[in-house]
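Structure below is run34.pdb: PDB, C-alpha atoms.
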ATOM      1  CA  MET A   1     -12.975  -5.092  17.794
ATOM      2  CA  LEU A   2     -11.244  -6.197  14.588
ATOM      3  CA  ARG A   3      -7.818  -7.743  15.141
ATOM      4  CA  VAL A   4      -5.203  -7.386  12.397
ATOM      5  CA  LEU A   5      -1.741  -8.871  11.902
ATOM      6  CA  ALA A   6       0.419  -6.952   9.433
ATOM      7  CA  CYS A   7       3.625  -8.314   7.895
ATOM      8  CA  ILE A   8       6.055  -6.046   6.036
ATOM      9  CA  PRO A   9       8.857  -7.493   3.873
ATOM     10  CA  HIS A  10      11.894  -5.236   4.087
ATOM     11  CA  TYR A  11      15.208  -5.279   2.251
ATOM     12  CA  PHE A  12      17.775  -2.563   1.700
ATOM     13  CA  ARG A  13      21.151  -3.269   0.142
ATOM     14  CA  ARG A  14      23.543  -1.759   2.663
ATOM     15  CA  ASN A  15      26.642  -3.376   1.130
ATOM     16  CA  ALA A  16      27.713  -2.128  -2.298
ATOM     17  CA  GLU A  17      29.366  -5.443  -3.097
ATOM     18  CA  ASP A  18      26.055  -7.266  -2.734
ATOM     19  CA  SER A  19      24.932  -7.870  -6.305
ATOM     20  CA  GLY A  20      21.308  -8.627  -5.513
ATOM     21  CA  VAL A  21      18.763  -6.630  -7.510
ATOM     22  CA  ILE A  22      15.789  -5.582  -5.394
ATOM     23  CA  ASN A  23      13.999  -2.809  -7.275
ATOM     24  CA  GLY A  24      13.916   0.653  -5.656
ATOM     25  CA  SER A  25      16.098  -0.325  -2.735
ATOM     26  CA  ASN A  26      19.058  -0.275  -5.126
ATOM     27  CA  THR A  27      18.592   3.366  -6.076
ATOM     28  CA  ASP A  28      17.502   5.154  -2.877
ATOM     29  CA  THR A  29      19.932   6.478  -0.301
ATOM     30  CA  PRO A  30      19.602   5.108   3.251
ATOM     31  CA  ALA A  31      18.365   8.527   4.379
ATOM     32  CA  SER A  32      15.620   8.867   1.757
ATOM     33  CA  ARG A  33      14.541   5.248   2.047
ATOM     34  CA  SER A  34      14.340   5.389   5.841
ATOM     35  CA  ILE A  35      12.216   8.566   5.682
ATOM     36  CA  GLN A  36       9.776   6.939   3.263
ATOM     37  CA  MET A  37       9.668   3.699   5.189
ATOM     38  CA  GLY A  38       9.324   5.442   8.555
ATOM     39  CA  TYR A  39       6.334   7.374   7.214
ATOM     40  CA  CYS A  40       4.669   4.146   6.055
ATOM     41  CA  LEU A  41       5.464   2.271   9.246
ATOM     42  CA  ARG A  42       4.311   4.979  11.661
ATOM     43  CA  ASN A  43       0.999   5.432   9.851
ATOM     44  CA  LEU A  44       0.320   1.694   9.931
ATOM     45  CA  VAL A  45       1.256   1.388  13.601
ATOM     46  CA  ALA A  46      -0.977   4.346  14.482
ATOM     47  CA  ILE A  47      -3.939   2.689  12.731
ATOM     48  CA  LEU A  48      -3.364  -0.605  14.557
ATOM     49  CA  GLU A  49      -2.749   0.827  18.032
ATOM     50  CA  SER A  50      -5.788   0.107  20.203
ATOM     51  CA  SER A  51      -6.143   3.702  21.444
ATOM     52  CA  GLN A  52      -5.851   7.272  20.291
ATOM     53  CA  PHE A  53      -5.817  10.679  21.978
ATOM     54  CA  ILE A  54      -7.879  13.845  21.995
ATOM     55  CA  LEU A  55      -6.076  17.060  22.921
ATOM     56  CA  GLY A  56      -7.570  20.384  23.920
ATOM     57  CA  SER A  57      -6.853  23.772  25.423
ATOM     58  CA  PRO A  58      -9.700  24.661  27.777
ATOM     59  CA  ASN A  59      -7.740  27.468  29.441
ATOM     60  CA  THR A  60      -4.503  28.090  27.508
ATOM     61  CA  LEU A  61      -2.884  27.208  24.194
ATOM     62  CA  ALA A  62      -0.681  24.579  25.841
ATOM     63  CA  MET A  63      -2.915  21.603  24.990
ATOM     64  CA  GLU A  64      -3.028  20.695  28.670
ATOM     65  CA  SER A  65      -6.128  18.526  28.222
ATOM     66  CA  VAL A  66      -5.277  14.959  27.111
ATOM     67  CA  ARG A  67      -7.908  12.243  26.842
ATOM     68  CA  GLN A  68      -7.373   8.668  25.662
ATOM     69  CA  THR A  69     -10.114   7.009  23.612
ATOM     70  CA  SER A  70     -10.578   3.468  22.329
ATOM     71  CA  LYS A  71     -10.840   2.285  18.704
ATOM     72  CA  THR A  72     -12.555  -0.514  16.804
ATOM     73  CA  VAL A  73      -9.346  -1.882  15.218
ATOM     74  CA  SER A  74      -6.149  -3.090  16.840
ATOM     75  CA  GLY A  75      -3.304  -5.318  15.847
ATOM     76  CA  SER A  76       0.365  -6.122  15.557
ATOM     77  CA  VAL A  77       3.112  -5.399  13.037
ATOM     78  CA  ILE A  78       5.963  -7.749  12.157
ATOM     79  CA  LEU A  79       8.848  -6.617   9.971
ATOM     80  CA  VAL A  80      10.357  -9.491   7.973
ATOM     81  CA  THR A  81      13.871  -8.775   6.765
ATOM     82  CA  VAL A  82      17.329 -10.247   6.220
ATOM     83  CA  PRO A  83      20.468  -9.890   8.364
ATOM     84  CA  GLU A  84      22.623  -6.837   7.602
ATOM     85  CA  ASN A  85      20.795  -5.591   4.495
ATOM     86  CA  ASN A  86      18.100  -3.599   6.274
ATOM     87  CA  LEU A  87      17.433  -0.202   7.841
ATOM     88  CA  LEU A  88      16.288  -1.352  11.276
ATOM     89  CA  ASP A  89      18.764   0.942  12.990
ATOM     90  CA  LEU A  90      17.147   3.961  11.301
ATOM     91  CA  ILE A  91      13.430   3.156  11.441
ATOM     92  CA  SER A  92      12.781   0.964  14.487
ATOM     93  CA  THR A  93      13.069   1.301  18.250
ATOM     94  CA  ASN A  94      12.813  -2.501  18.571
ATOM     95  CA  THR A  95       9.968  -2.060  21.064
ATOM     96  CA  VAL A  96       6.710  -1.576  19.112
ATOM     97  CA  VAL A  97       7.312  -3.526  15.896
ATOM     98  CA  ASP A  98       8.524  -7.123  16.035
ATOM     99  CA  HIS A  99      11.290  -8.301  13.702
ATOM    100  CA  GLU A 100      11.880 -11.629  12.042
ATOM    101  CA  PHE A 101      14.989 -12.504  10.024
ATOM    102  CA  SER A 102      14.908 -14.715   6.952
ATOM    103  CA  GLU A 103      17.926 -16.653   5.736
ATOM    104  CA  GLY A 104      16.442 -17.241   2.293
ATOM    105  CA  SER A 105      16.494 -15.103  -0.841
ATOM    106  CA  PRO A 106      15.368 -11.502  -0.262
ATOM    107  CA  ARG A 107      13.027 -11.911  -3.216
ATOM    108  CA  GLU A 108      11.150 -14.581  -1.245
ATOM    109  CA  LEU A 109      10.503 -12.518   1.881
ATOM    110  CA  GLY A 110       6.798 -12.537   1.020
ATOM    111  CA  TYR A 111       6.713 -16.283   1.529
ATOM    112  CA  HIS A 112       8.235 -15.823   4.983
ATOM    113  CA  CYS A 113       5.361 -13.388   5.647
ATOM    114  CA  ARG A 114       2.882 -16.117   4.648
ATOM    115  CA  ARG A 115       4.541 -18.609   6.991
ATOM    116  CA  THR A 116       4.294 -16.007   9.743
ATOM    117  CA  PHE A 117       0.572 -15.578   9.067
ATOM    118  CA  ALA A 118       0.167 -19.353   9.285
ATOM    119  CA  ARG A 119       1.773 -19.432  12.740
ATOM    120  CA  PHE A 120      -0.895 -17.047  14.003
ATOM    121  CA  VAL A 121      -3.891 -18.494  12.157
ATOM    122  CA  GLY A 122      -7.036 -18.223  14.260
ATOM    123  CA  GLN A 123      -5.701 -15.350  16.362
ATOM    124  CA  TYR A 124      -6.624 -12.434  14.076
ATOM    125  CA  ASP A 125      -9.570 -11.397  11.920
ATOM    126  CA  TYR A 126      -7.430 -10.053   9.065
ATOM    127  CA  TYR A 127      -3.896 -10.506   7.784
ATOM    128  CA  LEU A 128      -2.248  -7.649   5.898
ATOM    129  CA  PHE A 129       0.788  -7.968   3.660
ATOM    130  CA  ILE A 130       2.169  -4.560   2.684
ATOM    131  CA  GLU A 131       5.447  -3.482   1.120
ATOM    132  CA  ASP A 132       7.782  -1.233   3.090
ATOM    133  CA  ASP A 133       7.323   1.741   0.716
ATOM    134  CA  THR A 134       3.521   1.575   0.666
ATOM    135  CA  ALA A 135       1.426   3.604   3.114
ATOM    136  CA  LEU A 136      -1.992   2.710   4.469
ATOM    137  CA  LEU A 137      -3.546   6.041   5.470
ATOM    138  CA  ASP A 138      -7.258   5.267   5.936
ATOM    139  CA  PRO A 139      -8.187   4.478   9.585
ATOM    140  CA  ARG A 140     -11.362   2.748   8.356
ATOM    141  CA  PHE A 141      -9.565   0.552   5.829
ATOM    142  CA  PHE A 142     -10.267  -2.707   7.674
ATOM    143  CA  GLN A 143     -13.877  -1.805   8.477
ATOM    144  CA  LYS A 144     -14.410  -1.315   4.731
ATOM    145  CA  VAL A 145     -12.888  -4.728   4.012
ATOM    146  CA  ALA A 146     -15.145  -6.259   6.669
ATOM    147  CA  ALA A 147     -18.169  -4.523   5.119
ATOM    148  CA  PHE A 148     -17.269  -5.973   1.708
ATOM    149  CA  HIS A 149     -17.041  -9.500   3.126
ATOM    150  CA  ALA A 150     -20.262  -9.066   5.103
ATOM    151  CA  ALA A 151     -22.069  -8.078   1.908
ATOM    152  CA  PHE A 152     -20.512 -10.482  -0.599
ATOM    153  CA  GLY A 153     -18.920 -13.294   1.402
ATOM    154  CA  GLU A 154     -15.337 -14.416   1.840
ATOM    155  CA  GLY A 155     -15.222 -16.288  -1.463
ATOM    156  CA  LYS A 156     -13.904 -13.077  -3.037
ATOM    157  CA  ILE A 157     -10.736 -11.009  -2.580
ATOM    158  CA  VAL A 158     -11.128  -7.259  -2.185
ATOM    159  CA  GLN A 159      -7.996  -5.505  -3.401
ATOM    160  CA  PRO A 160      -7.094  -1.881  -2.668
ATOM    161  CA  ASN A 161      -6.071   0.448  -5.447
ATOM    162  CA  ARG A 162      -2.494   1.737  -5.360
ATOM    163  CA  PHE A 163      -1.878   5.386  -6.198
ATOM    164  CA  GLU A 164       1.005   7.815  -6.527
ATOM    165  CA  LEU A 165       1.102  11.609  -6.524
ATOM    166  CA  VAL A 166       2.290  13.143  -9.766
ATOM    167  CA  GLY A 167       3.168  16.825 -10.067
ATOM    168  CA  ARG A 168       5.415  19.241  -8.240
ATOM    169  CA  MET A 169       5.241  22.154  -5.816
ATOM    170  CA  ASP A 170       1.534  22.793  -5.095
ATOM    171  CA  GLY A 171       0.299  20.812  -8.109
ATOM    172  CA  ALA A 172      -0.605  17.183  -7.420
ATOM    173  CA  TRP A 173      -2.814  14.585  -9.059
ATOM    174  CA  ARG A 174      -3.562  11.051  -7.956
ATOM    175  CA  ALA A 175      -2.329   8.487 -10.477
ATOM    176  CA  TYR A 176      -3.690   4.973  -9.901
ATOM    177  CA  LEU A 177      -1.346   2.160 -10.899
ATOM    178  CA  ASP A 178      -1.514  -1.468 -12.039
ATOM    179  CA  MET A 179      -4.551  -1.248 -14.345
ATOM    180  CA  PRO A 180      -3.923  -2.927 -16.679
ATOM    181  CA  ALA A 181      -1.101  -4.834 -15.083
ATOM    182  CA  PHE A 182       1.987  -6.317 -16.682
ATOM    183  CA  PRO A 183       0.983  -9.833 -17.895
ATOM    184  CA  GLN A 184       3.134 -11.610 -15.308
ATOM    185  CA  HIS A 185       1.441  -9.581 -12.551
ATOM    186  CA  ARG A 186      -2.045 -10.846 -13.377
ATOM    187  CA  SER A 187      -4.055 -13.597 -11.752
ATOM    188  CA  PRO A 188      -6.157 -16.212 -13.579
ATOM    189  CA  GLU A 189      -9.685 -15.255 -14.587
ATOM    190  CA  GLN A 190     -12.172 -16.563 -12.018
ATOM    191  CA  ALA A 191     -15.945 -16.850 -12.172
ATOM    192  CA  GLY A 192     -17.991 -14.160 -10.460
ATOM    193  CA  PRO A 193     -20.226 -11.152 -11.140
ATOM    194  CA  ALA A 194     -18.573  -8.482 -13.280
ATOM    195  CA  THR A 195     -19.493  -5.779 -10.757
ATOM    196  CA  LEU A 196     -20.610  -5.535  -7.142
ATOM    197  CA  ALA A 197     -22.361  -2.581  -5.499
ATOM    198  CA  LEU A 198     -21.697  -1.896  -1.819
ATOM    199  CA  PRO A 199     -24.108   0.567  -0.180
ATOM    200  CA  SER A 200     -22.279   3.513   1.373
ATOM    201  CA  TYR A 201     -23.141   6.890   2.818
ATOM    202  CA  GLY A 202     -22.401   8.600  -0.514
ATOM    203  CA  GLY A 203     -24.283   6.054  -2.623
ATOM    204  CA  ASP A 204     -23.248   2.633  -3.869
ATOM    205  CA  VAL A 205     -19.519   1.919  -4.181
ATOM    206  CA  ILE A 206     -18.881  -0.052  -7.361
ATOM    207  CA  PHE A 207     -16.333  -2.874  -7.395
ATOM    208  CA  GLU A 208     -15.230  -4.510 -10.637
ATOM    209  CA  LYS A 209     -13.784  -7.974 -11.069
ATOM    210  CA  THR A 210     -10.204  -7.851 -12.309
ATOM    211  CA  THR A 211      -7.157  -9.986 -13.005
ATOM    212  CA  ASP A 212      -4.838  -7.076 -12.084
ATOM    213  CA  ALA A 213      -3.727  -8.657  -8.851
ATOM    214  CA  ILE A 214      -0.854  -6.536  -7.516
ATOM    215  CA  SER A 215      -1.208  -3.421  -5.349
ATOM    216  CA  GLY A 216       1.877  -3.607  -3.169
ATOM    217  CA  CYS A 217      -0.325  -5.243  -0.545
ATOM    218  CA  TYR A 218      -3.192  -7.621   0.079
ATOM    219  CA  VAL A 219      -5.565  -8.225   2.978
ATOM    220  CA  ILE A 220      -7.261 -11.557   3.685
ATOM    221  CA  SER A 221      -9.588 -12.897   6.353
ATOM    222  CA  ASP A 222      -8.803 -15.724   8.754
ATOM    223  CA  SER A 223     -10.938 -18.193   6.788
ATOM    224  CA  GLN A 224      -9.240 -17.152   3.534
ATOM    225  CA  LEU A 225      -5.847 -17.730   5.172
ATOM    226  CA  ARG A 226      -6.935 -21.229   6.234
ATOM    227  CA  GLN A 227      -7.996 -21.961   2.647
ATOM    228  CA  TRP A 228      -4.715 -20.599   1.265
ATOM    229  CA  MET A 229      -2.651 -22.732   3.639
ATOM    230  CA  THR A 230      -3.985 -25.886   1.955
ATOM    231  CA  GLN A 231      -2.597 -24.872  -1.443
ATOM    232  CA  PRO A 232       0.611 -26.619  -2.584
ATOM    233  CA  HIS A 233       2.757 -23.493  -2.993
ATOM    234  CA  PHE A 234       1.519 -21.447  -0.072
ATOM    235  CA  ASP A 235       4.894 -21.107   1.663
ATOM    236  CA  HIS A 236       7.333 -21.421  -1.245
ATOM    237  CA  PRO A 237       7.420 -20.409  -4.927
ATOM    238  CA  ASP A 238       6.001 -22.714  -7.585
ATOM    239  CA  PRO A 239       9.034 -23.993  -9.563
ATOM    240  CA  LYS A 240       6.961 -24.077 -12.756
ATOM    241  CA  ALA A 241       6.043 -20.413 -12.351
ATOM    242  CA  ILE A 242       9.663 -19.458 -11.719
ATOM    243  CA  ALA A 243      10.754 -21.439 -14.778
ATOM    244  CA  ALA A 244       8.157 -19.534 -16.808
ATOM    245  CA  GLY A 245       9.803 -16.239 -15.850
ATOM    246  CA  HIS A 246       7.653 -15.132 -12.924
ATOM    247  CA  ASP A 247       9.425 -13.225 -10.165
ATOM    248  CA  PRO A 248       8.772 -14.560  -6.631
ATOM    249  CA  LEU A 249       8.804 -10.959  -5.399
ATOM    250  CA  GLU A 250       5.661 -10.361  -7.459
ATOM    251  CA  LEU A 251       4.121 -13.833  -7.206
ATOM    252  CA  THR A 252       3.947 -13.549  -3.449
ATOM    253  CA  GLN A 253       1.595 -10.550  -3.721
ATOM    254  CA  ILE A 254      -1.210 -12.447  -5.479
ATOM    255  CA  ALA A 255      -3.608 -13.327  -2.675
ATOM    256  CA  LEU A 256      -4.623 -16.998  -2.515
ATOM    257  CA  GLY A 257      -2.572 -17.593  -5.634
ATOM    258  CA  GLY A 258      -5.352 -16.124  -7.778
ATOM    259  CA  THR A 259      -7.793 -18.924  -6.938
ATOM    260  CA  LEU A 260     -10.555 -16.504  -5.884
ATOM    261  CA  PRO A 261     -12.047 -13.659  -7.952
ATOM    262  CA  ILE A 262     -10.471 -10.278  -7.191
ATOM    263  CA  TYR A 263     -12.484  -7.060  -6.912
ATOM    264  CA  ARG A 264     -11.327  -3.447  -6.793
ATOM    265  CA  PRO A 265     -13.305  -0.218  -6.396
ATOM    266  CA  GLN A 266     -13.508   1.512  -9.760
ATOM    267  CA  GLY A 267     -14.485   4.763 -11.448
ATOM    268  CA  GLN A 268     -15.329   7.572  -9.056
ATOM    269  CA  ASP A 269     -15.010   5.106  -6.159
ATOM    270  CA  MET A 270     -11.331   4.227  -6.681
ATOM    271  CA  ASN A 271     -10.307   6.030  -3.486
ATOM    272  CA  PHE A 272     -12.767   4.045  -1.357
ATOM    273  CA  LEU A 273     -10.044   1.490  -0.644
ATOM    274  CA  GLU A 274      -6.510   2.582  -1.478
ATOM    275  CA  VAL A 275      -2.842   2.677  -0.484
ATOM    276  CA  HIS A 276      -0.121   5.172  -1.424
ATOM    277  CA  HIS A 277       3.101   4.054  -3.131
ATOM    278  CA  VAL A 278       5.164   6.709  -1.406
ATOM    279  CA  PRO A 279       8.197   6.983  -3.751
ATOM    280  CA  ASN A 280       5.870   8.197  -6.556
ATOM    281  CA  ARG A 281       8.433   6.721  -8.919
ATOM    282  CA  LEU A 282       6.300   4.897 -11.476
ATOM    283  CA  SER A 283       3.946   7.735 -12.405
ATOM    284  CA  ASN A 284       6.879  10.109 -12.820
ATOM    285  CA  ALA A 285       8.559   8.002 -15.487
ATOM    286  CA  LYS A 286       8.847   9.718 -18.879
ATOM    287  CA  THR A 287       5.814   8.238 -20.641
ATOM    288  CA  PRO A 288       3.102   8.688 -17.969
ATOM    289  CA  LYS A 289       4.436  12.080 -16.901
ATOM    290  CA  THR A 290       4.324  13.362 -20.478
ATOM    291  CA  ALA A 291       0.823  11.975 -21.056
ATOM    292  CA  ILE A 292      -0.501  13.438 -17.805
ATOM    293  CA  ARG A 293       1.124  16.798 -18.558
ATOM    294  CA  ASP A 294      -0.609  16.911 -21.952
ATOM    295  CA  ILE A 295      -3.954  16.362 -20.223
ATOM    296  CA  VAL A 296      -3.650  18.723 -17.259
ATOM    297  CA  MET A 297      -1.518  21.595 -18.548
ATOM    298  CA  PRO A 298      -4.371  23.210 -20.524
ATOM    299  CA  LEU A 299      -6.358  23.253 -17.281
ATOM    300  CA  VAL A 300      -3.391  24.696 -15.404
ATOM    301  CA  ASP A 301      -2.821  27.344 -18.082
ATOM    302  CA  ALA A 302      -6.496  28.330 -17.927
ATOM    303  CA  ARG A 303      -6.222  28.662 -14.157
ATOM    304  CA  VAL A 304      -3.139  30.874 -14.491
ATOM    305  CA  ALA A 305      -4.860  33.038 -17.089
ATOM    306  CA  ALA A 306      -7.922  33.443 -14.864
ATOM    307  CA  ARG A 307      -5.698  34.415 -11.959
ATOM    308  CA  ALA A 308      -3.888  36.950 -14.109
ATOM    309  CA  GLY A 309      -7.250  38.427 -15.052
ATOM    310  CA  ARG A 310      -8.251  38.749 -11.418
ATOM    311  CA  GLN A 311      -4.934  40.383 -10.653
ATOM    312  CA  ALA A 312      -5.459  42.887 -13.449
ATOM    313  CA  GLN A 313      -8.816  43.761 -11.885
ATOM    314  CA  GLY A 314      -7.174  44.208  -8.500
ATOM    315  CA  SER A 315      -8.873  41.192  -6.889
ATOM    316  CA  ILE A 316      -5.682  39.206  -6.323
ATOM    317  CA  ALA A 317      -2.370  40.122  -4.754
ATOM    318  CA  PRO A 318       0.495  40.843  -7.202
ATOM    319  CA  GLY A 319       2.849  37.911  -7.615
ATOM    320  CA  ASP A 320       0.206  35.294  -6.793
ATOM    321  CA  GLN A 321       0.683  33.480 -10.097
ATOM    322  CA  ALA A 322       2.130  30.113  -9.114
ATOM    323  CA  ASN A 323       1.980  27.566 -11.933
ATOM    324  CA  PRO A 324       1.834  23.972 -10.618
ATOM    325  CA  SER A 325       3.999  22.528 -13.402
ATOM    326  CA  LEU A 326       4.427  18.802 -13.959
ATOM    327  CA  ASP A 327       8.180  19.153 -14.539
ATOM    328  CA  ASN A 328       8.897  16.593 -11.839
ATOM    329  CA  HIS A 329      11.425  13.851 -11.361
ATOM    330  CA  PRO A 330      11.377  10.592  -9.378
ATOM    331  CA  ARG A 331      12.279  10.966  -5.733
TER     332      ARG A 331
END
Transcribe the structure of this file into structure tokens.
Amino acid sequence: MLRVLACIPHYFRRNAEDSGVINGSNTDTPASRSIQMGYCLRNLVAILESSQFILGSPNTLAMESVRQTSKTVSGSVILVTVPENNLLDLISTNTVVDHEFSEGSPRELGYHCRRTFARFVGQYDYYLFIEDDTALLDPRFFQKVAAFHAAFGEGKIVQPNRFELVGRMDGAWRAYLDMPAFPQHRSPEQAGPATLALPSYGGDVIFEKTTDAISGCYVISDSQLRQWMTQPHFDHPDPKAIAAGHDPLELTQIALGGTLPIYRPQGQDMNFLEVHHVPNRLSNAKTPKTAIRDIVMPLVDARVAARAGRQAQGSIAPGDQANPSLDNHPR
């Protein structure tokens, strides 16, 4: 069984007089943020619980048959936050997920997560850092990471793709982020093959080497963690990088400080390893939303016209003419 330790940095500005600027947590309401975060947290916990259940109704519709089954992945979740400025009272029962409080800058919570990983080195197979608004939905996520390392070794980082859903009502398209990344979100170029092909049941999955290092999460093996712990700025920001304008909130997401080549699934295989940025905020900004609308609306209009034609021929119910418009706004 694969053992995983997940650390989640969490900050929410509960006090209006606090002048700290921490991205989306400044704009969401406690209610909306706790719903998003609860969704992310519950999905992650469910993946890392060591058992699951099968329900059935052999005699009635009451689902009176309940059977527990084992899994091939288990693990623990630790929420790293700061006193007062958090939503623990809304998203945690304080029984399943452990909490750790940091007295440092909220923008350096990711370094506290690294120090937490270091305390448990040798006790887990994989260590997952994931932001509190990012959902891991694939139960076989860690088996895929293990398959990548088995095929290509642990001298490479495999990075998931981060996507959002753009659209409204019943219209939705996946929009993959961070490629290309903002210059200060990139890692140094490292030597390695340009592409890697991992055999899979649907044919080879193609990974491409990239310097686009940020996905709202990273996952590393125990041996990679041991290697990272020997680097000079493992548990605190590099002053030179901060002086050059890098944000520690972003720096902390670059696995092993960019010292290993990073690979991501590409092309038709982008969804092989992925996480969902639940607020869907970035893809719904003015520029990408307009560009995506220009691409998809002709397809939507053609679909509406075809439906109208079927209705005219009597093969579709009157009124069934929904148009999945892209007139959306950030949640």
List, as a list of chain:residue names, every residue that the PyMOL selection byres ((chain A and resi 113) around 9) selects in the file provided. A:Ala6, A:Cys7, A:Ile8, A:Pro9, A:Ile78, A:Leu79, A:Val80, A:Leu109, A:Gly110, A:Tyr111, A:His112, A:Arg114, A:Arg115, A:Thr116, A:Phe117, A:Ala118, A:Phe129, A:Asp235
To one decimal place in Å, what is the distance between CA of Ala181 in chain A and CA of Pro261 in chain A?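 CA of Pro261 in chain A lies 15.8 Å from CA of Ala181 in chain A.
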Identify all residues satisfying the PyMOL selection byres ((chain A and resi 92) around 12) in the given file; provide them as JSON, numbers by chain. {"A": [34, 35, 37, 38, 39, 41, 42, 45, 77, 78, 79, 86, 87, 88, 89, 90, 91, 93, 94, 95, 96, 97, 98, 99]}
Nearby residues, (-2.1, -21.2, 5.3) file frame, 10 Å, all atoms listed in the file, as JSON, numbers by chain: {"A": [114, 115, 116, 117, 118, 119, 120, 121, 222, 223, 224, 225, 226, 227, 228, 229, 230, 231, 232, 233, 234, 235, 256]}
Give me the residues near range 265-281 of chain A as a PyMOL selection string, where near means some atom within 7 Å (using all atoms listed in the file) and where sequence neighbours in that chain fewer than 6 positions away do not count. chain A and resi 36+133-137+141+160-166+205-208+330-331
With distances taken over only C-alpha atoms, which of A:Thr27, A:Asn43, A:Ser283, A:Ser76 is nearest to Asp125 in chain A? A:Ser76
For the file shown, report as a list in words the outcome of the PyMOL selection byres ((chain A and resi 296) around 12) at residue level.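 The output of the PyMOL selection byres ((chain A and resi 296) around 12) on this file is Val166, Gly167, Gly171, Ala172, Trp173, Lys289, Thr290, Ala291, Ile292, Arg293, Asp294, Ile295, Met297, Pro298, Leu299, Val300, Asp301, Ala302, Arg303, Asn323, Pro324, Ser325 and Leu326 of chain A.
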Find the residue from A:Ser221, A:Tyr201, A:Asp138, A:Ala175 that sits nearest to Gly153 in chain A; use all atoms listed in the file when measuring.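 Distance minimum relative to Gly153 in chain A lands on A:Ser221.
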Quick one: range 105-110 of chain A from the block, all heavy atoms, as a PDB file, in the first residue's frame.
ATOM      1  N   SER A 105       5.046  34.542   8.634  1.00  0.00           N
ATOM      2  CA  SER A 105       4.231  35.211   7.630  1.00  0.00           C
ATOM      3  C   SER A 105       3.306  34.209   6.946  1.00  0.00           C
ATOM      4  O   SER A 105       3.732  33.102   6.594  1.00  0.00           O
ATOM      5  CB  SER A 105       5.136  35.863   6.577  1.00  0.00           C
ATOM      6  OG  SER A 105       4.378  36.247   5.434  1.00  0.00           O
ATOM      7  N   PRO A 106       2.043  34.570   6.720  1.00  0.00           N
ATOM      8  CA  PRO A 106       1.146  33.662   6.002  1.00  0.00           C
ATOM      9  C   PRO A 106       1.664  33.295   4.618  1.00  0.00           C
ATOM     10  O   PRO A 106       1.375  32.217   4.114  1.00  0.00           O
ATOM     11  CB  PRO A 106      -0.156  34.463   5.918  1.00  0.00           C
ATOM     12  CG  PRO A 106      -0.108  35.404   7.063  1.00  0.00           C
ATOM     13  CD  PRO A 106       1.340  35.771   7.208  1.00  0.00           C
ATOM     14  N   ARG A 107       2.444  34.175   4.010  1.00  0.00           N
ATOM     15  CA  ARG A 107       2.964  33.883   2.682  1.00  0.00           C
ATOM     16  C   ARG A 107       4.072  32.841   2.715  1.00  0.00           C
ATOM     17  O   ARG A 107       4.530  32.389   1.664  1.00  0.00           O
ATOM     18  CB  ARG A 107       3.446  35.164   2.001  1.00  0.00           C
ATOM     19  CG  ARG A 107       2.359  36.213   1.848  1.00  0.00           C
ATOM     20  CD  ARG A 107       2.742  37.287   0.850  1.00  0.00           C
ATOM     21  NE  ARG A 107       2.496  36.861  -0.531  1.00  0.00           N
ATOM     22  CZ  ARG A 107       1.307  36.859  -1.128  1.00  0.00           C
ATOM     23  NH1 ARG A 107       0.231  37.238  -0.475  1.00  0.00           N
ATOM     24  NH2 ARG A 107       1.181  36.477  -2.382  1.00  0.00           N
ATOM     25  N   GLU A 108       4.501  32.442   3.902  1.00  0.00           N
ATOM     26  CA  GLU A 108       5.546  31.425   4.035  1.00  0.00           C
ATOM     27  C   GLU A 108       5.012  30.125   4.625  1.00  0.00           C
ATOM     28  O   GLU A 108       5.782  29.286   5.090  1.00  0.00           O
ATOM     29  CB  GLU A 108       6.695  31.973   4.878  1.00  0.00           C
ATOM     30  CG  GLU A 108       7.389  33.165   4.238  1.00  0.00           C
ATOM     31  CD  GLU A 108       8.581  33.668   5.038  1.00  0.00           C
ATOM     32  OE1 GLU A 108       9.056  32.922   5.932  1.00  0.00           O
ATOM     33  OE2 GLU A 108       9.032  34.805   4.790  1.00  0.00           O
ATOM     34  N   LEU A 109       3.691  29.941   4.574  1.00  0.00           N
ATOM     35  CA  LEU A 109       3.118  28.702   5.102  1.00  0.00           C
ATOM     36  C   LEU A 109       3.653  27.472   4.369  1.00  0.00           C
ATOM     37  O   LEU A 109       3.772  26.397   4.955  1.00  0.00           O
ATOM     38  CB  LEU A 109       1.590  28.742   4.992  1.00  0.00           C
ATOM     39  CG  LEU A 109       0.865  29.653   5.990  1.00  0.00           C
ATOM     40  CD1 LEU A 109      -0.625  29.714   5.661  1.00  0.00           C
ATOM     41  CD2 LEU A 109       1.067  29.155   7.418  1.00  0.00           C
ATOM     42  N   GLY A 110       3.984  27.626   3.093  1.00  0.00           N
ATOM     43  CA  GLY A 110       4.517  26.494   2.340  1.00  0.00           C
ATOM     44  C   GLY A 110       5.828  25.988   2.888  1.00  0.00           C
ATOM     45  O   GLY A 110       6.133  24.790   2.788  1.00  0.00           O
TER      46      GLY A 110
END
